[in-house]
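Student: Could you have a look at this structure, given as C-alpha cells, before my questions?
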Amino acid sequence: MKSEFELALAQIAADKGLATDEVLEAVRAAVDSAYRDLPGALEDIDVHVDGQGSFSVHANRTVVEHEVTDPDAEISLADAIEVDENLKFGDIVQVDITPQGFSRIAAQKARQAMLFTLREAERSLVHDRYVDHVGELMVGKVTRIDHRGVVLEFGRAEAMMPPMEQIPTEHLRLNQRIRVYLMEVNEEGRGPQLSVSRRHSDFVRRLFEREIPEIANNAVEIVNIARDAGIRTKVAVRALQDGLDPVGSCVGMRGSRIQNIVRDLVPEKVEIVEYSDAPVKYVANALSPAQVISVNISIEENLADVLVAPDMVSLAIGREGQNSRLAARLTGWRINIRDASAPDDLQLEAAPDVLAGVETDEDGDGGDVDLPGLTVPELRALAAEKEISLTGLRRKADIIGAIEAAAVAEPKPKPEPEPEPEPAAVQAEDGE
C-alpha cells in the first residue's frame, strides 16, 4: 500500500503534467533551500530524498592525514573509517548532518523553493511540447481580455495575443475558441510562454494550406500576401503543374474552399489573383476587380504607370486607396493610376524623386507627411509638385490613396554614369 507521501507525489505530478521524478527533485531542492537558511548551515552538502518522504542531509568532508583544522570540510582517518572502512587519505566521505527540525521560516522557504522548481519544470515541459509547432495554426480558448492583450488557454499552456497581433475589427468573447498562428515560444521570463497572432500574414497562408490540398501538395504556390487585417487581403498564387488553374483551385466548387477560409477572417475580404512573371500582367491582375487598359513599367524607377477607364479610376484606387496600396505591396511596384480619358499633357511621366519627403511606412499611413491632416487644395498642390496625376479624383480619401499608392516602394537608384576620359589623355592622342 502506498504511503501518504507517495499518493501526494503522484497527485501533484498528475495535476502539473510532470513525471514523479521531477516532483521528487522539487522536494529535494526545497529541503536543500530550507537547510541553507538554518544558522550555521554548511556550504558543501548533498540532500537525499526517497520515495517514502524521508530525507537526509550529508556534508562532504575530505579525509586528511594531518590534524583536522577545518571540521566542516575535513575529517580524520579514524573517524572516516567508522563510516566506511575502505576509505583512505584524500577520499571524500559524506557525514550525516540531518537537522532535527525546521523553523517556520525555513519551512516557508522550502515551500517557495518547491513551487519555483515545479513552475520551472512546467515551463520546460511547455517549451519542449510547443517549440516544434512554431509557425503552425492552433486552436485555443479565450480566458482573459485586458489592455495587455488576449490570453488563450491551450491545455496546460497559456498564450498571449497582444493588441498589435489582433484583428482590429474583431471582438472576442470569453470562452470563445479561436484559431491563431503560433509565432514564438519563450522559455524564460514570467507570464504566458506562447506568443500568437491573428494579424500575421502567415496566418492567412496557413489557412490556405489547411483548406486547399493543391497548396499543401505543392501543386499551387502562394507567391505573396498583402493584408490589411480585418478589412481586405490579396493573395497571389501560381500553378506549379501544367494545366492547373491556381485561382480556381483556391476558390473551389461554388466557392466552398474560400468560404471556409473567410469564415476564420470575417468580415475580412479575401481576393485571389494569379501571379505572372510578366510585371505588366501581374500588376493588372493585382488591381482587380478594376479593369486595366494598359500598364507601362519603368524598371529604373520601380514604377508601374497604369491607365484605366474613367469609370474604373475609383475602383482601381479603392476606398481610401486600399486597392492600389495592397496591389503595390503584393507586386513590389509603385503604382500610379491615371484616367485614360485625360488629355495627354496631363499624363506626365513620374520623376525619379516622385515621393521625396512623402515617405510612407509599411502600412502606407503617410510617414513624414500627415496626409489626412492636409486640405484638398494642399493635397493637390503636393501631388502636382511630385508629378502625381489626380485626374478624375475628387474625394479627399481617393486623392490620399493615389499619393500613398505611389509611395509604397522606394525607387531603385539610377546607375552611375561612366567617367569621361581625362583631358590629359585626349591631348596625348591629339599629339600622336
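FYI, nothing fancy with the C-alpha cells labels: chains A, B, ... in order, residues from 1 per chain, ligands from 1 as they appear.
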Quick one: DSSP helix (DSSP H, G or I) residues in segment 246-280 of chain A, as a VMD selection string?
Tutor: chain A and resid 246 to 251 253 to 262 279 to 280
Student: Write out the residues from the selection above, keeping C-alpha atoms, as a short mmCIF file (atom, residue, chain, number, x, y, z; two decimals), in the first residue's frame.
Tutor:
data_model
loop_
_atom_site.label_atom_id
_atom_site.label_comp_id
_atom_site.auth_asym_id
_atom_site.auth_seq_id
_atom_site.Cartn_x
_atom_site.Cartn_y
_atom_site.Cartn_z
CA PRO A 246 -4.40 28.21 -59.48
CA VAL A 247 -7.22 30.65 -58.79
CA GLY A 248 -9.94 28.06 -59.41
CA SER A 249 -8.16 25.58 -57.14
CA CYS A 250 -8.21 28.11 -54.30
CA VAL A 251 -11.83 29.16 -54.82
CA MET A 253 -16.56 24.38 -56.30
CA ARG A 254 -19.07 27.21 -55.85
CA GLY A 255 -16.57 28.97 -53.62
CA SER A 256 -16.59 26.21 -50.99
CA ARG A 257 -12.87 26.36 -50.22
CA ILE A 258 -12.52 30.12 -49.99
CA GLN A 259 -15.66 30.30 -47.85
CA ASN A 260 -14.05 28.02 -45.26
CA ILE A 261 -11.06 30.36 -45.16
CA VAL A 262 -13.12 33.54 -44.94
CA PRO A 279 5.22 42.63 -64.49
CA VAL A 280 2.61 44.18 -66.81
#
Student: Select from segment 24-85 of chain A everything DSSP, run on the backbone, classes as strand (DSSP E or B), then give the selection as a ChimeraX atom specification.
Tutor: /A:45-49,55-64,74-76
Student: Keeping only N, CA and C atoms, write those residues as a PDB file, in the first residue's frame.
Tutor:
ATOM      1  N   ILE A  45      27.207  20.434   0.720  1.00  0.00           N
ATOM      2  CA  ILE A  45      26.296  19.406   1.216  1.00  0.00           C
ATOM      3  C   ILE A  45      25.588  18.715   0.057  1.00  0.00           C
ATOM      4  N   ASP A  46      25.016  17.568   0.334  1.00  0.00           N
ATOM      5  CA  ASP A  46      24.138  16.848  -0.587  1.00  0.00           C
ATOM      6  C   ASP A  46      22.868  16.477   0.164  1.00  0.00           C
ATOM      7  N   VAL A  47      21.724  16.656  -0.495  1.00  0.00           N
ATOM      8  CA  VAL A  47      20.432  16.317   0.105  1.00  0.00           C
ATOM      9  C   VAL A  47      19.855  15.118  -0.637  1.00  0.00           C
ATOM     10  N   HIS A  48      19.386  14.124   0.101  1.00  0.00           N
ATOM     11  CA  HIS A  48      18.797  12.927  -0.491  1.00  0.00           C
ATOM     12  C   HIS A  48      17.356  12.784  -0.002  1.00  0.00           C
ATOM     13  N   VAL A  49      16.433  12.527  -0.935  1.00  0.00           N
ATOM     14  CA  VAL A  49      15.022  12.312  -0.606  1.00  0.00           C
ATOM     15  C   VAL A  49      14.587  11.016  -1.278  1.00  0.00           C
ATOM     16  N   PHE A  55      14.132  12.213   4.274  1.00  0.00           N
ATOM     17  CA  PHE A  55      15.249  12.907   3.653  1.00  0.00           C
ATOM     18  C   PHE A  55      16.433  12.903   4.605  1.00  0.00           C
ATOM     19  N   SER A  56      17.598  13.185   4.034  1.00  0.00           N
ATOM     20  CA  SER A  56      18.827  13.289   4.829  1.00  0.00           C
ATOM     21  C   SER A  56      19.735  14.317   4.192  1.00  0.00           C
ATOM     22  N   VAL A  57      20.531  14.975   5.068  1.00  0.00           N
ATOM     23  CA  VAL A  57      21.490  15.973   4.613  1.00  0.00           C
ATOM     24  C   VAL A  57      22.876  15.470   4.985  1.00  0.00           C
ATOM     25  N   HIS A  58      23.773  15.432   4.008  1.00  0.00           N
ATOM     26  CA  HIS A  58      25.124  14.934   4.235  1.00  0.00           C
ATOM     27  C   HIS A  58      26.137  16.023   3.870  1.00  0.00           C
ATOM     28  N   ALA A  59      27.143  16.183   4.756  1.00  0.00           N
ATOM     29  CA  ALA A  59      28.247  17.099   4.479  1.00  0.00           C
ATOM     30  C   ALA A  59      29.381  16.337   3.813  1.00  0.00           C
ATOM     31  N   ASN A  60      30.004  16.948   2.819  1.00  0.00           N
ATOM     32  CA  ASN A  60      31.133  16.331   2.124  1.00  0.00           C
ATOM     33  C   ASN A  60      32.438  16.771   2.810  1.00  0.00           C
ATOM     34  N   ARG A  61      33.198  15.796   3.331  1.00  0.00           N
ATOM     35  CA  ARG A  61      34.445  16.096   4.047  1.00  0.00           C
ATOM     36  C   ARG A  61      35.579  15.252   3.474  1.00  0.00           C
ATOM     37  N   THR A  62      36.757  15.839   3.486  1.00  0.00           N
ATOM     38  CA  THR A  62      37.952  15.180   2.929  1.00  0.00           C
ATOM     39  C   THR A  62      38.732  14.498   4.051  1.00  0.00           C
ATOM     40  N   VAL A  63      39.134  13.254   3.808  1.00  0.00           N
ATOM     41  CA  VAL A  63      39.942  12.507   4.776  1.00  0.00           C
ATOM     42  C   VAL A  63      41.371  13.050   4.718  1.00  0.00           C
ATOM     43  N   VAL A  64      41.858  13.543   5.877  1.00  0.00           N
ATOM     44  CA  VAL A  64      43.192  14.150   5.911  1.00  0.00           C
ATOM     45  C   VAL A  64      44.118  13.341   6.812  1.00  0.00           C
ATOM     46  N   GLU A  74      36.937  18.864   6.750  1.00  0.00           N
ATOM     47  CA  GLU A  74      37.925  17.799   6.884  1.00  0.00           C
ATOM     48  C   GLU A  74      37.493  16.788   7.945  1.00  0.00           C
ATOM     49  N   ILE A  75      38.075  15.584   7.844  1.00  0.00           N
ATOM     50  CA  ILE A  75      37.791  14.522   8.807  1.00  0.00           C
ATOM     51  C   ILE A  75      39.029  13.637   8.933  1.00  0.00           C
ATOM     52  N   SER A  76      39.274  13.159  10.139  1.00  0.00           N
ATOM     53  CA  SER A  76      40.434  12.284  10.348  1.00  0.00           C
ATOM     54  C   SER A  76      40.137  10.900   9.802  1.00  0.00           C
TER      55      SER A  76
END
Student: Show me, as a PyMOL selection string, the residues that have an atom within 12 Å of Phe208 of chain A when counting only C-alpha atoms, minus same-chain residues fewer than 3 positions from it.
Tutor: chain A and resi 137+201-205+211-218+220-222+225+235-237+247+249-252+257-262+264-265+270+272
Student: With C-alpha atoms retained, could you export that selection as a PDB file, in the first residue's frame?
Tutor:
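Output below, filename selection13.pdb:
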ATOM      1  CA  LEU A 137      -2.112  27.035 -36.594  1.00  0.00           C
ATOM      2  CA  SER A 201       0.187  37.382 -42.993  1.00  0.00           C
ATOM      3  CA  ASP A 202       1.306  33.786 -42.431  1.00  0.00           C
ATOM      4  CA  PHE A 203      -1.967  33.224 -40.552  1.00  0.00           C
ATOM      5  CA  VAL A 204      -3.733  33.561 -43.920  1.00  0.00           C
ATOM      6  CA  ARG A 205      -1.047  31.442 -45.602  1.00  0.00           C
ATOM      7  CA  GLU A 211      -8.103  24.136 -46.758  1.00  0.00           C
ATOM      8  CA  ILE A 212      -6.530  23.714 -50.212  1.00  0.00           C
ATOM      9  CA  PRO A 213      -4.865  20.344 -50.954  1.00  0.00           C
ATOM     10  CA  GLU A 214      -3.122  21.701 -54.063  1.00  0.00           C
ATOM     11  CA  ILE A 215      -1.186  24.179 -51.923  1.00  0.00           C
ATOM     12  CA  ALA A 216      -0.370  21.581 -49.262  1.00  0.00           C
ATOM     13  CA  ASN A 217       0.876  19.228 -52.030  1.00  0.00           C
ATOM     14  CA  ASN A 218       2.945  21.997 -53.714  1.00  0.00           C
ATOM     15  CA  VAL A 220      -0.065  25.567 -56.290  1.00  0.00           C
ATOM     16  CA  GLU A 221       2.255  28.097 -54.669  1.00  0.00           C
ATOM     17  CA  ILE A 222       1.400  31.225 -52.684  1.00  0.00           C
ATOM     18  CA  ILE A 225       0.271  38.084 -49.472  1.00  0.00           C
ATOM     19  CA  VAL A 235      -3.169  36.631 -52.265  1.00  0.00           C
ATOM     20  CA  ALA A 236      -1.013  35.983 -55.354  1.00  0.00           C
ATOM     21  CA  VAL A 237      -0.852  32.341 -56.452  1.00  0.00           C
ATOM     22  CA  VAL A 247      -7.223  30.651 -58.791  1.00  0.00           C
ATOM     23  CA  SER A 249      -8.164  25.579 -57.136  1.00  0.00           C
ATOM     24  CA  CYS A 250      -8.211  28.109 -54.300  1.00  0.00           C
ATOM     25  CA  VAL A 251     -11.827  29.163 -54.818  1.00  0.00           C
ATOM     26  CA  GLY A 252     -13.195  25.623 -55.065  1.00  0.00           C
ATOM     27  CA  ARG A 257     -12.875  26.355 -50.217  1.00  0.00           C
ATOM     28  CA  ILE A 258     -12.520  30.122 -49.990  1.00  0.00           C
ATOM     29  CA  GLN A 259     -15.660  30.302 -47.854  1.00  0.00           C
ATOM     30  CA  ASN A 260     -14.050  28.015 -45.263  1.00  0.00           C
ATOM     31  CA  ILE A 261     -11.060  30.364 -45.159  1.00  0.00           C
ATOM     32  CA  VAL A 262     -13.120  33.544 -44.941  1.00  0.00           C
ATOM     33  CA  ASP A 264     -11.985  32.440 -39.878  1.00  0.00           C
ATOM     34  CA  LEU A 265     -11.445  36.009 -41.124  1.00  0.00           C
ATOM     35  CA  VAL A 270     -10.036  37.784 -49.473  1.00  0.00           C
ATOM     36  CA  ILE A 272      -7.063  35.704 -55.088  1.00  0.00           C
TER      37      ILE A 272
END
Student: Go ahead and compute the interatomic distance for atom CA of Gln241 of chain A and atom CA of Ala284 of chain A, in Å to one decimal.
Tutor: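 We find that atom CA of Gln241 of chain A and atom CA of Ala284 of chain A lie 22.9 Å from each other.
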Student: Near Glu184 of chain A, counting only C-alpha atoms, which residues have an atom at most 12 Å away, once you skip same-chain residues fewer than 6 positions from it, shown as a PDB file with C-alpha atoms, in the first residue's frame?
Tutor:
ATOM      1  CA  HIS A 127       8.620  24.687 -24.260  1.00  0.00           C
ATOM      2  CA  TYR A 130       5.305  23.507 -28.492  1.00  0.00           C
ATOM      3  CA  VAL A 131       8.712  24.611 -29.808  1.00  0.00           C
ATOM      4  CA  ASP A 132       8.395  22.301 -32.816  1.00  0.00           C
ATOM      5  CA  HIS A 133       4.987  23.794 -33.681  1.00  0.00           C
ATOM      6  CA  VAL A 134       6.120  27.408 -34.198  1.00  0.00           C
ATOM      7  CA  GLY A 135       4.656  28.661 -37.492  1.00  0.00           C
ATOM      8  CA  GLU A 136       1.586  26.436 -37.301  1.00  0.00           C
ATOM      9  CA  ALA A 159      -0.648  32.097 -24.868  1.00  0.00           C
ATOM     10  CA  MET A 160      -0.679  35.888 -25.164  1.00  0.00           C
ATOM     11  CA  MET A 161      -2.017  37.715 -28.211  1.00  0.00           C
ATOM     12  CA  PRO A 192       2.384  33.142 -20.836  1.00  0.00           C
ATOM     13  CA  GLN A 193       5.116  31.375 -22.775  1.00  0.00           C
ATOM     14  CA  LEU A 194       3.398  31.269 -26.168  1.00  0.00           C
ATOM     15  CA  SER A 195       3.041  34.307 -28.453  1.00  0.00           C
ATOM     16  CA  VAL A 196       0.250  34.021 -31.026  1.00  0.00           C
ATOM     17  CA  SER A 197      -1.266  36.202 -33.745  1.00  0.00           C
TER      18      SER A 197
END
Student: List the spatial neighbours of segment 110-125 of chain A as a list of chain:residue names - criterion: any atom at most 6 Å away, only C-alpha atoms, same-chain residues fewer than 4 positions off excluded.
Tutor: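 Here the qualifying residues turn out to be A:Ala26, A:Val27, A:Ala30, A:Val31, A:Ser33, A:Ala34.
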Student: Go through A:Leu315, A:Lys269, A:Ala278, A:Arg395 and flag the residue nearest Ala290 of chain A, using only C-alpha atoms for the distances.
Tutor: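 Smallest distance to Ala290 of chain A is found for A:Leu315.
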Student: Can you pull out every residue within 9 Å of Gly321 of chain A, counting only C-alpha atoms, but drop anything in the same chain fewer than 3 positions away, and send it as number ranges by chain?
Tutor: A: 314, 316-318, 324-326, 397-405
Student: Could you write those residues out with N, CA and C atoms, as an mmCIF file, in the first residue's frame?
Tutor:
data_model
loop_
_atom_site.group_PDB
_atom_site.id
_atom_site.type_symbol
_atom_site.label_atom_id
_atom_site.label_comp_id
_atom_site.auth_asym_id
_atom_site.auth_seq_id
_atom_site.Cartn_x
_atom_site.Cartn_y
_atom_site.Cartn_z
ATOM 1 N N SER A 314 -11.908 55.075 -59.578
ATOM 2 C CA SER A 314 -12.193 54.895 -58.143
ATOM 3 C C SER A 314 -12.076 53.439 -57.725
ATOM 4 N N ALA A 316 -10.124 51.139 -59.112
ATOM 5 C CA ALA A 316 -8.710 50.752 -59.123
ATOM 6 C C ALA A 316 -7.988 51.259 -57.883
ATOM 7 N N ILE A 317 -8.337 52.492 -57.470
ATOM 8 C CA ILE A 317 -7.696 53.053 -56.280
ATOM 9 C C ILE A 317 -8.277 52.439 -55.020
ATOM 10 N N GLY A 318 -9.575 52.245 -54.994
ATOM 11 C CA GLY A 318 -10.225 51.663 -53.836
ATOM 12 C C GLY A 318 -10.523 52.687 -52.757
ATOM 13 N N SER A 324 -5.220 50.013 -54.496
ATOM 14 C CA SER A 324 -3.925 50.281 -55.116
ATOM 15 C C SER A 324 -2.785 50.064 -54.131
ATOM 16 N N ARG A 325 -3.002 50.360 -52.860
ATOM 17 C CA ARG A 325 -1.960 50.167 -51.854
ATOM 18 C C ARG A 325 -1.644 48.677 -51.673
ATOM 19 N N LEU A 326 -2.680 47.834 -51.580
ATOM 20 C CA LEU A 326 -2.456 46.398 -51.454
ATOM 21 C C LEU A 326 -1.820 45.825 -52.715
ATOM 22 N N ALA A 397 -10.296 61.143 -49.763
ATOM 23 C CA ALA A 397 -9.768 59.814 -49.483
ATOM 24 C C ALA A 397 -9.116 59.203 -50.721
ATOM 25 N N ASP A 398 -9.730 59.420 -51.910
ATOM 26 C CA ASP A 398 -9.160 58.883 -53.139
ATOM 27 C C ASP A 398 -7.844 59.569 -53.489
ATOM 28 N N ILE A 399 -7.767 60.870 -53.228
ATOM 29 C CA ILE A 399 -6.533 61.613 -53.509
ATOM 30 C C ILE A 399 -5.400 61.108 -52.612
ATOM 31 N N ILE A 400 -5.716 60.927 -51.317
ATOM 32 C CA ILE A 400 -4.711 60.398 -50.389
ATOM 33 C C ILE A 400 -4.274 59.010 -50.827
ATOM 34 N N GLY A 401 -5.233 58.189 -51.250
ATOM 35 C CA GLY A 401 -4.900 56.838 -51.688
ATOM 36 C C GLY A 401 -3.970 56.834 -52.886
ATOM 37 N N ALA A 402 -4.181 57.758 -53.836
ATOM 38 C CA ALA A 402 -3.318 57.831 -55.015
ATOM 39 C C ALA A 402 -1.899 58.220 -54.618
ATOM 40 N N ILE A 403 -1.765 59.163 -53.675
ATOM 41 C CA ILE A 403 -0.424 59.583 -53.230
ATOM 42 C C ILE A 403 0.265 58.451 -52.487
ATOM 43 N N GLU A 404 -0.488 57.762 -51.609
ATOM 44 C CA GLU A 404 0.114 56.670 -50.831
ATOM 45 C C GLU A 404 0.502 55.502 -51.717
ATOM 46 N N ALA A 405 -0.315 55.201 -52.719
ATOM 47 C CA ALA A 405 -0.030 54.064 -53.593
ATOM 48 C C ALA A 405 1.259 54.262 -54.353
#
Student: Would you mind telling me which residue in A:Glu65, A:Glu209, A:Asp37, A:Asp21 lies nearest to Asp50 of chain A when using only C-alpha atoms?
Tutor: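 Using only C-alpha atoms, Asp50 of chain A sits closest to A:Asp21.
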Student: Atom CA of Val313 of chain A and atom CA of Leu390 of chain A are how many Å apart?
Tutor: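 Spanning atom CA of Val313 of chain A to atom CA of Leu390 of chain A is a straight-line distance of 9.8 Å.
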Student: Applying 8 Å and only C-alpha atoms, which residues near segment 142-158 of chain A remain after dropping the ones on its own chain fewer than 6 positions away? List them as a VMD selection string.
Tutor: chain A and resid 17 126 172 to 178 192 to 194
